[in-house]
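So this one's run.pdb, PDB, C-alpha atoms:
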```pdb
ATOM      1  CA  MET A   1      37.087  -0.059 -39.700  1.00  0.00           C
ATOM      2  CA  GLU A   2      37.247  -3.855 -39.779  1.00  0.00           C
ATOM      3  CA  PRO A   3      33.947  -5.652 -40.644  1.00  0.00           C
ATOM      4  CA  ASN A   4      33.788  -7.495 -37.293  1.00  0.00           C
ATOM      5  CA  ARG A   5      34.402  -4.348 -35.288  1.00  0.00           C
ATOM      6  CA  LEU A   6      31.778  -2.501 -37.316  1.00  0.00           C
ATOM      7  CA  THR A   7      29.252  -5.280 -36.729  1.00  0.00           C
ATOM      8  CA  ASN A   8      29.959  -5.381 -32.993  1.00  0.00           C
ATOM      9  CA  SER A   9      29.614  -1.623 -32.765  1.00  0.00           C
ATOM     10  CA  LYS A  10      26.220  -1.696 -34.499  1.00  0.00           C
ATOM     11  CA  GLU A  11      25.062  -4.515 -32.224  1.00  0.00           C
ATOM     12  CA  ARG A  12      26.053  -2.523 -29.120  1.00  0.00           C
ATOM     13  CA  ILE A  13      24.181   0.514 -30.413  1.00  0.00           C
ATOM     14  CA  LEU A  14      21.073  -1.576 -31.129  1.00  0.00           C
ATOM     15  CA  ARG A  15      21.206  -3.243 -27.693  1.00  0.00           C
ATOM     16  CA  ARG A  16      21.578   0.113 -25.971  1.00  0.00           C
ATOM     17  CA  LYS A  17      18.662   1.490 -27.987  1.00  0.00           C
ATOM     18  CA  GLU A  18      16.521  -1.488 -26.975  1.00  0.00           C
ATOM     19  CA  VAL A  19      17.476  -1.032 -23.317  1.00  0.00           C
ATOM     20  CA  LEU A  20      16.636   2.680 -23.411  1.00  0.00           C
ATOM     21  CA  GLU A  21      13.317   2.041 -25.162  1.00  0.00           C
ATOM     22  CA  LYS A  22      12.388  -0.608 -22.603  1.00  0.00           C
ATOM     23  CA  LYS A  23      13.348   1.690 -19.735  1.00  0.00           C
ATOM     24  CA  LYS A  24      11.282   4.524 -21.199  1.00  0.00           C
ATOM     25  CA  ALA A  25       8.275   2.223 -21.661  1.00  0.00           C
ATOM     26  CA  ILE A  26       8.480   1.097 -18.032  1.00  0.00           C
ATOM     27  CA  ASP A  27       8.960   4.668 -16.797  1.00  0.00           C
ATOM     28  CA  ASP A  28       5.882   5.728 -18.781  1.00  0.00           C
ATOM     29  CA  ILE A  29       3.837   2.940 -17.182  1.00  0.00           C
ATOM     30  CA  ILE A  30       4.897   4.021 -13.690  1.00  0.00           C
ATOM     31  CA  LYS A  31       4.183   7.686 -14.432  1.00  0.00           C
ATOM     32  CA  ALA A  32       0.737   6.882 -15.827  1.00  0.00           C
ATOM     33  CA  ALA A  33      -0.170   4.736 -12.802  1.00  0.00           C
ATOM     34  CA  SER A  34       1.121   7.353 -10.356  1.00  0.00           C
ATOM     35  CA  ALA A  35      -0.786  10.138 -12.109  1.00  0.00           C
ATOM     36  CA  VAL A  36      -4.205   8.588 -11.395  1.00  0.00           C
ATOM     37  CA  LYS A  37      -5.863  10.776  -8.768  1.00  0.00           C
ATOM     38  CA  ASP A  38      -8.241   8.148  -7.440  1.00  0.00           C
ATOM     39  CA  GLN A  39      -7.439   4.493  -8.069  1.00  0.00           C
ATOM     40  CA  LEU A  40     -10.644   3.492  -6.290  1.00  0.00           C
ATOM     41  CA  ALA A  41     -12.789   5.134  -8.981  1.00  0.00           C
ATOM     42  CA  SER A  42     -12.308   2.049 -11.165  1.00  0.00           C
ATOM     43  CA  PHE A  43     -13.376  -0.342  -8.418  1.00  0.00           C
ATOM     44  CA  LEU A  44     -16.644   0.961  -7.030  1.00  0.00           C
ATOM     45  CA  PRO A  45     -17.621  -2.328  -5.290  1.00  0.00           C
ATOM     46  CA  PHE A  46     -14.462  -1.916  -3.169  1.00  0.00           C
ATOM     47  CA  ARG A  47     -15.495   1.526  -1.952  1.00  0.00           C
ATOM     48  CA  GLN A  48     -17.570  -0.075   0.808  1.00  0.00           C
ATOM     49  CA  TYR A  49     -16.915  -2.841   3.281  1.00  0.00           C
ATOM     50  CA  ASP A  50     -20.058  -4.030   5.053  1.00  0.00           C
ATOM     51  CA  ARG A  51     -19.221  -7.385   6.571  1.00  0.00           C
ATOM     52  CA  HIS A  52     -18.874  -8.995   9.993  1.00  0.00           C
ATOM     53  CA  GLY A  53     -20.642  -6.129  11.727  1.00  0.00           C
ATOM     54  CA  LEU A  54     -18.403  -3.473  10.135  1.00  0.00           C
ATOM     55  CA  SER A  55     -19.671  -0.540   8.105  1.00  0.00           C
ATOM     56  CA  LEU A  56     -16.639   1.006   6.404  1.00  0.00           C
ATOM     57  CA  TYR A  57     -15.746   2.967   3.293  1.00  0.00           C
ATOM     58  CA  LEU A  58     -12.485   3.665   1.482  1.00  0.00           C
ATOM     59  CA  ASP A  59     -10.763   6.908   0.430  1.00  0.00           C
ATOM     60  CA  SER A  60      -7.653   7.584  -1.647  1.00  0.00           C
ATOM     61  CA  GLY A  61      -4.776   9.799  -0.513  1.00  0.00           C
ATOM     62  CA  PHE A  62      -1.306  11.112  -1.419  1.00  0.00           C
ATOM     63  CA  GLY A  63       1.756  11.310   0.810  1.00  0.00           C
ATOM     64  CA  GLU A  64       2.498  14.933  -0.010  1.00  0.00           C
ATOM     65  CA  HIS A  65      -1.121  15.996   0.650  1.00  0.00           C
ATOM     66  CA  LEU A  66      -1.736  14.374   4.033  1.00  0.00           C
ATOM     67  CA  THR A  67      -3.565  16.515   6.574  1.00  0.00           C
ATOM     68  CA  SER A  68      -2.068  17.006  10.022  1.00  0.00           C
ATOM     69  CA  SER A  69      -4.756  14.689  11.456  1.00  0.00           C
ATOM     70  CA  LEU A  70      -3.864  11.912   9.021  1.00  0.00           C
ATOM     71  CA  LYS A  71      -0.134  12.306   9.685  1.00  0.00           C
ATOM     72  CA  LYS A  72      -0.736  12.081  13.424  1.00  0.00           C
ATOM     73  CA  TYR A  73      -2.990   9.054  13.015  1.00  0.00           C
ATOM     74  CA  ILE A  74      -0.485   7.186  10.830  1.00  0.00           C
ATOM     75  CA  LYS A  75       2.290   7.816  13.363  1.00  0.00           C
ATOM     76  CA  ILE A  76       0.129   6.595  16.241  1.00  0.00           C
ATOM     77  CA  LEU A  77      -1.073   3.423  14.527  1.00  0.00           C
ATOM     78  CA  LEU A  78       2.424   2.565  13.314  1.00  0.00           C
ATOM     79  CA  LYS A  79       3.724   2.901  16.863  1.00  0.00           C
ATOM     80  CA  VAL A  80       0.879   0.840  18.320  1.00  0.00           C
ATOM     81  CA  ASN A  81       1.256  -1.988  15.816  1.00  0.00           C
ATOM     82  CA  MET A  82       4.985  -2.006  15.140  1.00  0.00           C
ATOM     83  CA  GLU A  83       6.885  -0.878  18.238  1.00  0.00           C
ATOM     84  CA  GLY A  84       6.549  -4.262  19.910  1.00  0.00           C
ATOM     85  CA  PRO A  85       7.672  -6.378  16.922  1.00  0.00           C
ATOM     86  CA  TYR A  86      10.631  -4.101  16.143  1.00  0.00           C
ATOM     87  CA  GLY A  87      11.721  -3.852  19.774  1.00  0.00           C
ATOM     88  CA  SER A  88      14.917  -1.856  20.284  1.00  0.00           C
ATOM     89  CA  GLU A  89      15.106  -1.165  16.534  1.00  0.00           C
ATOM     90  CA  TRP A  90      11.861   0.799  16.566  1.00  0.00           C
ATOM     91  CA  PRO A  91      13.297   4.339  17.130  1.00  0.00           C
ATOM     92  CA  VAL A  92      15.373   4.009  13.945  1.00  0.00           C
ATOM     93  CA  GLU A  93      12.568   2.354  11.968  1.00  0.00           C
ATOM     94  CA  GLU A  94      10.094   4.982  13.143  1.00  0.00           C
ATOM     95  CA  LYS A  95      12.228   7.776  11.669  1.00  0.00           C
ATOM     96  CA  ILE A  96      12.446   5.908   8.367  1.00  0.00           C
ATOM     97  CA  LYS A  97       8.705   5.316   8.250  1.00  0.00           C
ATOM     98  CA  ARG A  98       7.979   8.971   9.001  1.00  0.00           C
ATOM     99  CA  ARG A  99      10.085  10.024   6.012  1.00  0.00           C
ATOM    100  CA  GLU A 100       8.456   7.416   3.779  1.00  0.00           C
ATOM    101  CA  MET A 101       5.020   8.480   4.953  1.00  0.00           C
ATOM    102  CA  VAL A 102       5.058  11.897   3.255  1.00  0.00           C
ATOM    103  CA  ALA A 103       7.104  11.071   0.149  1.00  0.00           C
ATOM    104  CA  PRO A 104       5.636  12.368  -3.157  1.00  0.00           C
ATOM    105  CA  GLN A 105       5.498   8.790  -4.457  1.00  0.00           C
ATOM    106  CA  ALA A 106       3.407   7.558  -1.520  1.00  0.00           C
ATOM    107  CA  ARG A 107      -0.156   6.533  -2.327  1.00  0.00           C
ATOM    108  CA  TYR A 108      -2.750   5.718   0.326  1.00  0.00           C
ATOM    109  CA  ILE A 109      -6.000   3.937   0.874  1.00  0.00           C
ATOM    110  CA  PHE A 110      -7.735   5.062   4.063  1.00  0.00           C
ATOM    111  CA  VAL A 111     -10.494   2.975   5.597  1.00  0.00           C
ATOM    112  CA  ARG A 112     -13.063   4.972   7.526  1.00  0.00           C
ATOM    113  CA  SER A 113     -15.927   3.943   9.749  1.00  0.00           C
ATOM    114  CA  SER A 114     -19.251   5.310   8.554  1.00  0.00           C
ATOM    115  CA  SER A 115     -20.544   5.261  12.125  1.00  0.00           C
ATOM    116  CA  PRO A 116     -19.091   6.105  15.555  1.00  0.00           C
ATOM    117  CA  ASN A 117     -17.518   3.313  17.572  1.00  0.00           C
ATOM    118  CA  ALA A 118     -20.536   3.104  19.842  1.00  0.00           C
ATOM    119  CA  THR A 119     -22.804   2.370  16.881  1.00  0.00           C
ATOM    120  CA  LEU A 120     -20.231  -0.037  15.523  1.00  0.00           C
ATOM    121  CA  ASN A 121     -20.354  -1.936  18.806  1.00  0.00           C
ATOM    122  CA  ASP A 122     -24.131  -2.231  18.600  1.00  0.00           C
ATOM    123  CA  LYS A 123     -23.948  -3.758  15.123  1.00  0.00           C
ATOM    124  CA  LEU A 124     -21.686  -6.643  16.129  1.00  0.00           C
ATOM    125  CA  ASP A 125     -23.191 -10.077  16.588  1.00  0.00           C
ATOM    126  CA  ASN A 126     -23.633 -11.222  20.155  1.00  0.00           C
ATOM    127  CA  ASN A 127     -20.863 -13.792  19.780  1.00  0.00           C
ATOM    128  CA  GLU A 128     -18.345 -11.249  18.454  1.00  0.00           C
ATOM    129  CA  GLU A 129     -15.909  -9.354  20.612  1.00  0.00           C
ATOM    130  CA  LYS A 130     -16.768  -5.731  21.326  1.00  0.00           C
ATOM    131  CA  VAL A 131     -14.470  -3.255  19.591  1.00  0.00           C
ATOM    132  CA  ILE A 132     -12.232  -0.933  21.517  1.00  0.00           C
ATOM    133  CA  SER A 133     -11.935   2.792  20.968  1.00  0.00           C
ATOM    134  CA  GLY A 134      -9.914   3.767  17.922  1.00  0.00           C
ATOM    135  CA  HIS A 135      -6.917   6.087  17.662  1.00  0.00           C
ATOM    136  CA  TRP A 136      -8.412   8.669  15.307  1.00  0.00           C
ATOM    137  CA  ILE A 137      -8.309  12.245  16.561  1.00  0.00           C
ATOM    138  CA  GLY A 138      -9.689  14.710  14.060  1.00  0.00           C
ATOM    139  CA  ASP A 139     -12.726  15.838  12.105  1.00  0.00           C
ATOM    140  CA  GLY A 140     -14.825  13.591   9.916  1.00  0.00           C
ATOM    141  CA  ASP A 141     -15.458   9.867  10.130  1.00  0.00           C
ATOM    142  CA  PRO A 142     -12.755   7.985  12.058  1.00  0.00           C
ATOM    143  CA  VAL A 143     -10.009   6.175  10.164  1.00  0.00           C
ATOM    144  CA  VAL A 144      -9.586   2.572  11.305  1.00  0.00           C
ATOM    145  CA  ALA A 145      -6.974   1.276   8.821  1.00  0.00           C
ATOM    146  CA  PHE A 146      -4.686   2.420   6.030  1.00  0.00           C
ATOM    147  CA  VAL A 147      -2.510   1.128   3.197  1.00  0.00           C
ATOM    148  CA  HIS A 148       0.638   2.881   1.986  1.00  0.00           C
ATOM    149  CA  TYR A 149       1.700   1.675  -1.458  1.00  0.00           C
ATOM    150  CA  ARG A 150       3.744   2.909  -4.404  1.00  0.00           C
ATOM    151  CA  PHE A 151       4.259   2.239  -8.091  1.00  0.00           C
ATOM    152  CA  VAL A 152       7.956   1.481  -8.482  1.00  0.00           C
ATOM    153  CA  ILE A 153      10.448  -0.481 -10.570  1.00  0.00           C
ATOM    154  CA  GLU A 154      12.147  -3.541  -9.118  1.00  0.00           C
ATOM    155  CA  GLU A 155      14.684  -5.390 -11.268  1.00  0.00           C
ATOM    156  CA  GLU A 156      13.329  -3.745 -14.430  1.00  0.00           C
ATOM    157  CA  VAL A 157       9.777  -4.838 -13.626  1.00  0.00           C
ATOM    158  CA  PRO A 158       6.837  -2.521 -12.769  1.00  0.00           C
ATOM    159  CA  VAL A 159       5.809  -3.297  -9.207  1.00  0.00           C
ATOM    160  CA  LEU A 160       3.050  -2.237  -6.864  1.00  0.00           C
ATOM    161  CA  TYR A 161       4.998  -2.150  -3.615  1.00  0.00           C
ATOM    162  CA  VAL A 162       3.038  -2.256  -0.362  1.00  0.00           C
ATOM    163  CA  PHE A 163       4.938  -0.329   2.303  1.00  0.00           C
ATOM    164  CA  GLU A 164       2.317  -0.537   5.039  1.00  0.00           C
ATOM    165  CA  LEU A 165      -0.975  -2.293   5.670  1.00  0.00           C
ATOM    166  CA  GLN A 166      -2.049  -1.279   9.166  1.00  0.00           C
ATOM    167  CA  LEU A 167      -5.337  -2.208  10.824  1.00  0.00           C
ATOM    168  CA  GLU A 168      -6.627  -1.212  14.211  1.00  0.00           C
ATOM    169  CA  SER A 169      -7.475  -4.061  16.562  1.00  0.00           C
ATOM    170  CA  LEU A 170     -11.186  -3.267  16.265  1.00  0.00           C
ATOM    171  CA  VAL A 171     -11.225  -4.267  12.577  1.00  0.00           C
ATOM    172  CA  GLN A 172      -8.758  -7.172  12.609  1.00  0.00           C
ATOM    173  CA  ARG A 173      -9.821 -10.761  11.937  1.00  0.00           C
ATOM    174  CA  LYS A 174     -12.866  -9.634  10.004  1.00  0.00           C
ATOM    175  CA  GLY A 175     -11.615 -10.149   6.458  1.00  0.00           C
ATOM    176  CA  LEU A 176     -10.629  -6.530   5.896  1.00  0.00           C
ATOM    177  CA  GLY A 177      -6.927  -7.238   5.343  1.00  0.00           C
ATOM    178  CA  LYS A 178      -7.679  -9.826   2.669  1.00  0.00           C
ATOM    179  CA  PHE A 179     -10.203  -7.443   1.094  1.00  0.00           C
ATOM    180  CA  LEU A 180      -7.547  -4.711   0.838  1.00  0.00           C
ATOM    181  CA  MET A 181      -4.966  -7.061  -0.662  1.00  0.00           C
ATOM    182  CA  GLN A 182      -7.472  -8.147  -3.306  1.00  0.00           C
ATOM    183  CA  LEU A 183      -8.045  -4.500  -4.133  1.00  0.00           C
ATOM    184  CA  LEU A 184      -4.306  -3.867  -4.445  1.00  0.00           C
ATOM    185  CA  GLU A 185      -4.003  -6.808  -6.842  1.00  0.00           C
ATOM    186  CA  LEU A 186      -6.733  -5.307  -9.009  1.00  0.00           C
ATOM    187  CA  ILE A 187      -5.056  -1.900  -8.980  1.00  0.00           C
ATOM    188  CA  ALA A 188      -1.741  -3.453 -10.006  1.00  0.00           C
ATOM    189  CA  HIS A 189      -3.371  -5.477 -12.771  1.00  0.00           C
ATOM    190  CA  LYS A 190      -5.215  -2.430 -14.115  1.00  0.00           C
ATOM    191  CA  SER A 191      -2.099  -0.252 -13.965  1.00  0.00           C
ATOM    192  CA  TYR A 192       0.300  -2.711 -15.585  1.00  0.00           C
ATOM    193  CA  GLY A 193      -2.033  -4.669 -17.848  1.00  0.00           C
ATOM    194  CA  SER A 194      -0.522  -8.015 -16.877  1.00  0.00           C
ATOM    195  CA  LEU A 195      -0.129 -10.336 -13.930  1.00  0.00           C
ATOM    196  CA  PRO A 196       0.283  -7.983 -10.963  1.00  0.00           C
ATOM    197  CA  PHE A 197       3.476  -7.835  -8.971  1.00  0.00           C
ATOM    198  CA  CYS A 198       2.702  -6.954  -5.375  1.00  0.00           C
ATOM    199  CA  MET A 199       5.607  -6.808  -2.980  1.00  0.00           C
ATOM    200  CA  MET A 200       5.620  -6.361   0.734  1.00  0.00           C
ATOM    201  CA  ASP A 201       7.963  -5.890   3.619  1.00  0.00           C
ATOM    202  CA  LYS A 202       8.226  -9.291   5.321  1.00  0.00           C
ATOM    203  CA  THR A 203       7.835  -7.678   8.746  1.00  0.00           C
ATOM    204  CA  ILE A 204       4.450  -6.303   7.734  1.00  0.00           C
ATOM    205  CA  ILE A 205       3.270  -9.698   6.539  1.00  0.00           C
ATOM    206  CA  ILE A 206       4.417 -11.684   9.523  1.00  0.00           C
ATOM    207  CA  ARG A 207       3.348  -9.265  12.224  1.00  0.00           C
ATOM    208  CA  ASN A 208       0.241  -7.663  10.790  1.00  0.00           C
ATOM    209  CA  LEU A 209      -1.368  -9.741   8.079  1.00  0.00           C
ATOM    210  CA  VAL A 210      -1.137 -12.950  10.060  1.00  0.00           C
ATOM    211  CA  SER A 211      -3.725 -11.475  12.382  1.00  0.00           C
ATOM    212  CA  CYS A 212      -5.971 -10.949   9.363  1.00  0.00           C
ATOM    213  CA  ARG A 213      -5.538 -14.592   8.302  1.00  0.00           C
ATOM    214  CA  ILE A 214      -3.746 -13.747   5.056  1.00  0.00           C
ATOM    215  CA  ALA A 215      -1.043 -15.857   3.452  1.00  0.00           C
ATOM    216  CA  TRP A 216       0.932 -13.836   0.938  1.00  0.00           C
ATOM    217  CA  GLU A 217       3.602 -15.252  -1.333  1.00  0.00           C
ATOM    218  CA  LEU A 218       6.905 -13.400  -1.001  1.00  0.00           C
TER
END
```
Any chance you could put this one into structure tokens?
Amino acid sequence: MEPNRLTNSKERILRRKEVLEKKKAIDDIIKAASAVKDQLASFLPFRQYDRHGLSLYLDSGFGEHLTSSLKKYIKILLKVNMEGPYGSEWPVEEKIKRREMVAPQARYIFVRSSSPNATLNDKLDNNEEKVISGHWIGDGDPVVAFVHYRFVIEEEVPVLYVFELQLESLVQRKGLGKFLMQLLELIAHKSYGSLPFCMMDKTIIIRNLVSCRIAWEL
């Protein structure tokens, strides 16, 4: 074999080895992050949200382990918040979101009220708007918001991808959306050990987070 051809062949082998090693390292990072059963365990101060008359706490969840009550709630809140913005496209988008909802890769943060809506109303300041009844139908404390996120790879970079951040009207404009995004940044930073990459569907940002007064760089 000619010297130049031999050198080129070795270089191709080395480059391929480097690519495979990099891919394996990234895959290992994603697997490790996805294997954590409760991401909130590392961020105890974010377990509670007691601001602006709200008394809430956070739970972790998995797409493949959602209860029937949680599945029903997610479907209802998605329809309430997203049917209007999507318009005639909603029936197709709804089917997509229902499939995404229960995927094995789906990770959740559920925000629950630690008191019934009536008590929540009583805690609000006199100059704050009274909350409306929520959409939760099931046992346990009512869910008032949720985040659906995943650990994925985008353009060879580990990414925490936010699929959904949905808040009921009774908890909007009270800083909760910003609070949840800060938590997601911390989770991404802890999982990847570097500057976090949080991505989001533009529709979610424009039509949901605007109401929470959040500006998020796309």
Take the PyMOL selection byres ((chain A and resi 100) around 12), run it mentally on this structure, and tell me the resulting residues as number ranges by chain. A: 62-64, 71, 74-75, 93-99, 101-108, 148-150, 162-164
Two-atom distance - CA of Leu77 (chain A), CA of Asp141 (chain A) (Å): 16.4 Å
Which polymer residues have any atom within 12 Å of an atom of Leu167 (chain A), counting only C-alpha atoms, with same-chain residues fewer than 3 positions away left out, as a PDB file with C-alpha atoms, keeping the file's coordinate frame?
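Full text of out_35.pdb as output:
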```pdb
ATOM      1  CA  TYR A  73      -2.990   9.054  13.015  1.00  0.00           C
ATOM      2  CA  ILE A  74      -0.485   7.186  10.830  1.00  0.00           C
ATOM      3  CA  ILE A  76       0.129   6.595  16.241  1.00  0.00           C
ATOM      4  CA  LEU A  77      -1.073   3.423  14.527  1.00  0.00           C
ATOM      5  CA  LEU A  78       2.424   2.565  13.314  1.00  0.00           C
ATOM      6  CA  VAL A  80       0.879   0.840  18.320  1.00  0.00           C
ATOM      7  CA  ASN A  81       1.256  -1.988  15.816  1.00  0.00           C
ATOM      8  CA  MET A  82       4.985  -2.006  15.140  1.00  0.00           C
ATOM      9  CA  ILE A 109      -6.000   3.937   0.874  1.00  0.00           C
ATOM     10  CA  PHE A 110      -7.735   5.062   4.063  1.00  0.00           C
ATOM     11  CA  VAL A 111     -10.494   2.975   5.597  1.00  0.00           C
ATOM     12  CA  ARG A 112     -13.063   4.972   7.526  1.00  0.00           C
ATOM     13  CA  GLY A 134      -9.914   3.767  17.922  1.00  0.00           C
ATOM     14  CA  HIS A 135      -6.917   6.087  17.662  1.00  0.00           C
ATOM     15  CA  VAL A 143     -10.009   6.175  10.164  1.00  0.00           C
ATOM     16  CA  VAL A 144      -9.586   2.572  11.305  1.00  0.00           C
ATOM     17  CA  ALA A 145      -6.974   1.276   8.821  1.00  0.00           C
ATOM     18  CA  PHE A 146      -4.686   2.420   6.030  1.00  0.00           C
ATOM     19  CA  VAL A 147      -2.510   1.128   3.197  1.00  0.00           C
ATOM     20  CA  HIS A 148       0.638   2.881   1.986  1.00  0.00           C
ATOM     21  CA  GLU A 164       2.317  -0.537   5.039  1.00  0.00           C
ATOM     22  CA  LEU A 170     -11.186  -3.267  16.265  1.00  0.00           C
ATOM     23  CA  VAL A 171     -11.225  -4.267  12.577  1.00  0.00           C
ATOM     24  CA  GLN A 172      -8.758  -7.172  12.609  1.00  0.00           C
ATOM     25  CA  ARG A 173      -9.821 -10.761  11.937  1.00  0.00           C
ATOM     26  CA  LYS A 174     -12.866  -9.634  10.004  1.00  0.00           C
ATOM     27  CA  GLY A 175     -11.615 -10.149   6.458  1.00  0.00           C
ATOM     28  CA  LEU A 176     -10.629  -6.530   5.896  1.00  0.00           C
ATOM     29  CA  GLY A 177      -6.927  -7.238   5.343  1.00  0.00           C
ATOM     30  CA  LYS A 178      -7.679  -9.826   2.669  1.00  0.00           C
ATOM     31  CA  LEU A 180      -7.547  -4.711   0.838  1.00  0.00           C
ATOM     32  CA  ILE A 204       4.450  -6.303   7.734  1.00  0.00           C
ATOM     33  CA  ARG A 207       3.348  -9.265  12.224  1.00  0.00           C
ATOM     34  CA  ASN A 208       0.241  -7.663  10.790  1.00  0.00           C
ATOM     35  CA  LEU A 209      -1.368  -9.741   8.079  1.00  0.00           C
ATOM     36  CA  VAL A 210      -1.137 -12.950  10.060  1.00  0.00           C
ATOM     37  CA  SER A 211      -3.725 -11.475  12.382  1.00  0.00           C
ATOM     38  CA  CYS A 212      -5.971 -10.949   9.363  1.00  0.00           C
TER      39      CYS A 212
END
```
When you look at region 44-49 of chain A with a cut-off of 10 Å (counting all atoms listed in the file), what residues show up, excluding the ones that are within fewer than 2 positions of it in the same chain? I need them as a PyMOL selection string. chain A and resi 39-42+51-60+111-114+175-176+179-180+182-183
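With all atoms listed in the file as the basis for measurement, A:Ser191 is the residue among A:Ser191, A:Ser9, A:Ser88, A:Ser68 that approaches Ile26 (chain A) most closely.
Taking CA of Ser69 (chain A) and CA of Val92 (chain A) as the two end points, the separation is 22.9 Å.
Note that the spacing between CA of Met181 (chain A) and CA of Ile30 (chain A) amounts to 19.7 Å.
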Could you give me, as a ChimeraX atom specification, the residues within 9 Å of Pro158 (chain A), counting only C-alpha atoms and dropping anything in the same chain fewer than 5 positions from it? /A:26-27,29-30,151-153,192,196-197
